[in-house]
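Since the structure comes first, as structure tokens, the remarks are kept for the end.
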Amino acid sequence: PSPRPRPSRRFRVATGFAQAATFPCTYALVNQWAEPAEISRAIGVAKSIGENGGALLGLAGSELILRARLPLGPKLRVGGVQLVFFLPALAGLAWSLLFVALVPAAPAAARDRAASSASAAAAAPVVWRSLLFGRVQLVIYCNHAASAWLSYLLLTELPTFAEEALGLEGAKASLCVATPYVLIGLGLLVGGRACDAAIARGHRRADVRVVCQVVGSVVSATFLFLAALLAAAAPGAAIACLNLGALCYVGVGLGVCAIFLELANADPGLFYAVSNMLATVPGIVVPIAAAALLRRFSTHSGWVAVFGIGLVVVSPAAAAFVYTFYGADIAPRKSIDRASSLADPLLDALDEAPRIASAVLETDDRR
């Protein structure tokens, strides 16, 4: 624990705000740079190397960094926990410089699309009512948050699950934790090409996204639930189910995450920012819920409950995704900023409330 907790908390809050721009910026760039026929490949590369690569390096590299010592001078060496944060900070600084240097070198077609999108955004300001309450947007937000539940479940609870439920230690536990991220990264690269190829062969774009999302959420959660069920009786089968669940999770990146790029036009970064803000909530809730369940039940029953909740969370969201998008005609960069809103009747009623109240008062005055 930090000897000065308040400054430490402030730095953590500042870090969160700084990192918040990463994903919206990434999706805005991919939205403008990727050709319509290569959207799946583009998002696959971005998520494989970026999100999953970073998670894998963090999980696998932290143990090595903890044992290292970095000389900063003749009598000064930094190591331990400090180095775990110090090295990523240096890497982030180096990558920021590369980012600034490389971003202006966008392809000519991408620059044309960016200019067109910027002019469209200026001509059509953001319709916040639709962005926050639109039917299509709400379905996407719910699926993003539900899928994030599985992601945070793997990220925060997998190391403990490997030790407590599977009985793994040392190198075996580390391998169990790292393997799912390797599979997700490779699966995104292969799956991205497969999705683009399926669309090129004439399969409806929306249907491809629906299949990916169902596999990435419901099928993935089912395998994770089976892993918890089999952990005590058959650890080997549980590990296989765990890896299959992680591999199926690839579908989320090629489902709801890809559909952001196909439906967002003028404000892809803002669209993703709103969704990602909601998808951060599971990152807060999952560790709390898992700890409460593991305290309440035995080890086996607790883990069954933890992974079972994931299946319960993703299933209704996936059903809404299927209902909304299956058989639909969507085109890349088709704006949904002005889509109808579920809150329109309520908001319209609130808009009319002053006029109605004024009419009632006038009637009473006449009486």
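Letters A, B, ... go to the chains of the structure tokens in the order shown; residues in each chain start at 1; ligands are counted from 1 in the same order.
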
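Within the 7 Å cut-off around Ser217 in chain A, using only C-alpha atoms and omitting residues fewer than 2 positions from it on the same chain, the listed residues are Ser147, Gln213, Val214, Val215, Val219, Ser220, Ala221, Tyr249, Val252 and Val314 of chain A.
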
Go ahead and dump the residues you just picked, all heavy atoms, as a PDB file, in the first residue's frame.
ATOM      1  N   SER A 147     -20.754  -7.977 -22.977  1.00  0.00           N
ATOM      2  CA  SER A 147     -19.533  -8.655 -23.424  1.00  0.00           C
ATOM      3  C   SER A 147     -18.337  -8.259 -22.562  1.00  0.00           C
ATOM      4  O   SER A 147     -17.448  -9.078 -22.299  1.00  0.00           O
ATOM      5  CB  SER A 147     -19.261  -8.318 -24.892  1.00  0.00           C
ATOM      6  OG  SER A 147     -20.343  -8.702 -25.714  1.00  0.00           O
ATOM      7  N   GLN A 213     -21.439 -12.142 -32.863  1.00  0.00           N
ATOM      8  CA  GLN A 213     -21.790 -11.688 -31.523  1.00  0.00           C
ATOM      9  C   GLN A 213     -22.378 -12.809 -30.675  1.00  0.00           C
ATOM     10  O   GLN A 213     -22.071 -12.916 -29.481  1.00  0.00           O
ATOM     11  CB  GLN A 213     -22.780 -10.517 -31.616  1.00  0.00           C
ATOM     12  CG  GLN A 213     -23.162  -9.897 -30.284  1.00  0.00           C
ATOM     13  CD  GLN A 213     -21.965  -9.304 -29.564  1.00  0.00           C
ATOM     14  OE1 GLN A 213     -20.943  -8.979 -30.169  1.00  0.00           O
ATOM     15  NE2 GLN A 213     -22.089  -9.168 -28.247  1.00  0.00           N
ATOM     16  N   VAL A 214     -23.203 -13.649 -31.260  1.00  0.00           N
ATOM     17  CA  VAL A 214     -23.782 -14.769 -30.510  1.00  0.00           C
ATOM     18  C   VAL A 214     -22.676 -15.742 -30.081  1.00  0.00           C
ATOM     19  O   VAL A 214     -22.646 -16.209 -28.936  1.00  0.00           O
ATOM     20  CB  VAL A 214     -24.853 -15.489 -31.350  1.00  0.00           C
ATOM     21  CG1 VAL A 214     -25.285 -16.782 -30.671  1.00  0.00           C
ATOM     22  CG2 VAL A 214     -26.060 -14.578 -31.560  1.00  0.00           C
ATOM     23  N   VAL A 215     -21.761 -16.045 -30.994  1.00  0.00           N
ATOM     24  CA  VAL A 215     -20.650 -16.934 -30.641  1.00  0.00           C
ATOM     25  C   VAL A 215     -19.766 -16.288 -29.575  1.00  0.00           C
ATOM     26  O   VAL A 215     -19.352 -16.939 -28.599  1.00  0.00           O
ATOM     27  CB  VAL A 215     -19.821 -17.281 -31.896  1.00  0.00           C
ATOM     28  CG1 VAL A 215     -18.542 -18.029 -31.511  1.00  0.00           C
ATOM     29  CG2 VAL A 215     -20.646 -18.122 -32.854  1.00  0.00           C
ATOM     30  N   VAL A 219     -22.036 -18.368 -26.656  1.00  0.00           N
ATOM     31  CA  VAL A 219     -21.254 -19.605 -26.741  1.00  0.00           C
ATOM     32  C   VAL A 219     -20.016 -19.512 -25.848  1.00  0.00           C
ATOM     33  O   VAL A 219     -19.659 -20.464 -25.142  1.00  0.00           O
ATOM     34  CB  VAL A 219     -20.860 -19.901 -28.203  1.00  0.00           C
ATOM     35  CG1 VAL A 219     -20.005 -21.160 -28.282  1.00  0.00           C
ATOM     36  CG2 VAL A 219     -22.109 -20.050 -29.064  1.00  0.00           C
ATOM     37  N   SER A 220     -19.374 -18.356 -25.859  1.00  0.00           N
ATOM     38  CA  SER A 220     -18.203 -18.163 -25.002  1.00  0.00           C
ATOM     39  C   SER A 220     -18.574 -18.304 -23.530  1.00  0.00           C
ATOM     40  O   SER A 220     -17.890 -19.009 -22.770  1.00  0.00           O
ATOM     41  CB  SER A 220     -17.598 -16.781 -25.258  1.00  0.00           C
ATOM     42  OG  SER A 220     -16.539 -16.518 -24.367  1.00  0.00           O
ATOM     43  N   ALA A 221     -19.659 -17.642 -23.109  1.00  0.00           N
ATOM     44  CA  ALA A 221     -20.079 -17.732 -21.708  1.00  0.00           C
ATOM     45  C   ALA A 221     -20.472 -19.157 -21.326  1.00  0.00           C
ATOM     46  O   ALA A 221     -20.257 -19.584 -20.187  1.00  0.00           O
ATOM     47  CB  ALA A 221     -21.247 -16.780 -21.458  1.00  0.00           C
ATOM     48  N   TYR A 249     -14.704 -15.973 -27.692  1.00  0.00           N
ATOM     49  CA  TYR A 249     -14.861 -14.552 -27.362  1.00  0.00           C
ATOM     50  C   TYR A 249     -14.372 -13.640 -28.483  1.00  0.00           C
ATOM     51  O   TYR A 249     -14.708 -12.457 -28.526  1.00  0.00           O
ATOM     52  CB  TYR A 249     -14.115 -14.237 -26.065  1.00  0.00           C
ATOM     53  CG  TYR A 249     -14.383 -12.847 -25.551  1.00  0.00           C
ATOM     54  CD1 TYR A 249     -15.585 -12.538 -24.932  1.00  0.00           C
ATOM     55  CD2 TYR A 249     -13.439 -11.840 -25.705  1.00  0.00           C
ATOM     56  CE1 TYR A 249     -15.843 -11.257 -24.476  1.00  0.00           C
ATOM     57  CE2 TYR A 249     -13.684 -10.555 -25.248  1.00  0.00           C
ATOM     58  CZ  TYR A 249     -14.883 -10.271 -24.629  1.00  0.00           C
ATOM     59  OH  TYR A 249     -15.145  -8.990 -24.184  1.00  0.00           O
ATOM     60  N   VAL A 252     -16.913 -11.323 -30.264  1.00  0.00           N
ATOM     61  CA  VAL A 252     -17.324  -9.990 -29.791  1.00  0.00           C
ATOM     62  C   VAL A 252     -16.599  -8.898 -30.574  1.00  0.00           C
ATOM     63  O   VAL A 252     -17.189  -7.895 -30.982  1.00  0.00           O
ATOM     64  CB  VAL A 252     -17.049  -9.856 -28.280  1.00  0.00           C
ATOM     65  CG1 VAL A 252     -17.265  -8.414 -27.818  1.00  0.00           C
ATOM     66  CG2 VAL A 252     -17.949 -10.803 -27.497  1.00  0.00           C
ATOM     67  N   VAL A 314     -25.097 -12.066 -20.556  1.00  0.00           N
ATOM     68  CA  VAL A 314     -24.923 -11.891 -22.001  1.00  0.00           C
ATOM     69  C   VAL A 314     -26.121 -12.388 -22.809  1.00  0.00           C
ATOM     70  O   VAL A 314     -26.345 -11.914 -23.930  1.00  0.00           O
ATOM     71  CB  VAL A 314     -23.639 -12.592 -22.496  1.00  0.00           C
ATOM     72  CG1 VAL A 314     -22.415 -12.026 -21.800  1.00  0.00           C
ATOM     73  CG2 VAL A 314     -23.717 -14.108 -22.311  1.00  0.00           C
TER      74      VAL A 314
END

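Near Asn143 in chain A, within 10 Å and counting only C-alpha atoms, sit Gln137, Leu138, Val139, Ser147, Ala148, Trp149, Gln213, Ser217, Val252, Gly255, Val256, Cys257, Ser275, Ala279, Val313, Val314, Ser315, Pro316, Ala317, Ala318, Ala319, Ala320 and Phe321 of chain A, not including residues fewer than 4 positions from it in the same chain.
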
**OP:** Using only C-alpha atoms, determine which residues lie at most 8 Å from range 13-23 of chain A, disregarding the query and same-chain residues fewer than 3 positions distant; provide the list as a PyMOL selection string.
**Re:** chain A and resi 9-10+26-27+269+272-273

Original post:
Excluding same-chain residues fewer than 6 positions from Leu293 in chain A, what lies within 10 Å of it counting only C-alpha atoms, as a PyMOL selection string?
Top reply: chain A and resi 287+299+301-306

Set out as CSV a contact list for range 145-236 of chain A and range 30-37 of chain A with a cut-off of 9 Å, giving each residue of range 145-236 of chain A that qualifies its closest atom pair and distance in Å to one decimal, counting only C-alpha atoms, ordered by chain and rising residue number.
residue,atom,partner,partner_atom,distance
A:Asp196,CA,A:Ala37,CA,6.2
A:Ala197,CA,A:Ala37,CA,8.6
A:Ile199,CA,A:Ala37,CA,8.0
A:Ala200,CA,A:Ala37,CA,7.3

How would the residues just chosen look if you wrote them out with N, CA, C and O atoms as a PDB file, in the first residue's frame?
ATOM      1  N   ASP A 196     -14.477 -10.879 -43.442  1.00  0.00           N
ATOM      2  CA  ASP A 196     -14.418 -10.079 -44.672  1.00  0.00           C
ATOM      3  C   ASP A 196     -14.640 -10.955 -45.900  1.00  0.00           C
ATOM      4  O   ASP A 196     -15.301 -10.548 -46.863  1.00  0.00           O
ATOM      5  N   ALA A 197     -14.078 -12.160 -45.874  1.00  0.00           N
ATOM      6  CA  ALA A 197     -14.262 -13.080 -47.004  1.00  0.00           C
ATOM      7  C   ALA A 197     -15.723 -13.508 -47.121  1.00  0.00           C
ATOM      8  O   ALA A 197     -16.267 -13.597 -48.233  1.00  0.00           O
ATOM      9  N   ILE A 199     -18.383 -11.803 -46.204  1.00  0.00           N
ATOM     10  CA  ILE A 199     -19.148 -10.666 -46.725  1.00  0.00           C
ATOM     11  C   ILE A 199     -18.883 -10.486 -48.212  1.00  0.00           C
ATOM     12  O   ILE A 199     -19.796 -10.208 -48.998  1.00  0.00           O
ATOM     13  N   ALA A 200     -17.621 -10.663 -48.623  1.00  0.00           N
ATOM     14  CA  ALA A 200     -17.281 -10.530 -50.040  1.00  0.00           C
ATOM     15  C   ALA A 200     -17.971 -11.588 -50.890  1.00  0.00           C
ATOM     16  O   ALA A 200     -18.289 -11.348 -52.066  1.00  0.00           O
TER      17      ALA A 200
END

Subject >> Which of range 58-303 of chain A fall in strand (DSSP E or B), as a count of residues only >> reply: 7

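Here CA of Tyr181 in chain A stands at a distance of 11.4 Å from CA of Leu244 in chain A.
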
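For the pair CA of Ala55 in chain A and CA of Val84 in chain A, the interatomic distance is 13.6 Å.
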
Subject >> For Val286 in chain A, the nearest of the candidates A:Leu66, A:Ser151, A:His203, A:Ile140, counting only C-alpha atoms >> reply: A:Ser151

Subject >> Separation of CA of Leu254 in chain A from CA of Leu186 in chain A, in Å and rounded to one decimal >> reply: 13.0 Å

Original post:
Near Ala246 in chain A, counting only C-alpha atoms, which residues have an atom at most 10 Å away, once you skip same-chain residues fewer than 3 positions from it, shown as an MDAnalysis selection string?
Top reply: chainID A and resid 150:151 154 179:185 187 216 219:221 223:224 240:243 249:251

Original post:
Closest to Gly92 in chain A among A:Ala227, A:Leu64, A:Gly54, A:Ala237, using only C-alpha atoms?
Top reply: A:Gly54

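With only C-alpha atoms as the atoms that count, the residue of A:Gly236, A:Pro88, A:Gly53, A:Gly134 with the shortest distance to Phe271 in chain A is A:Gly134.
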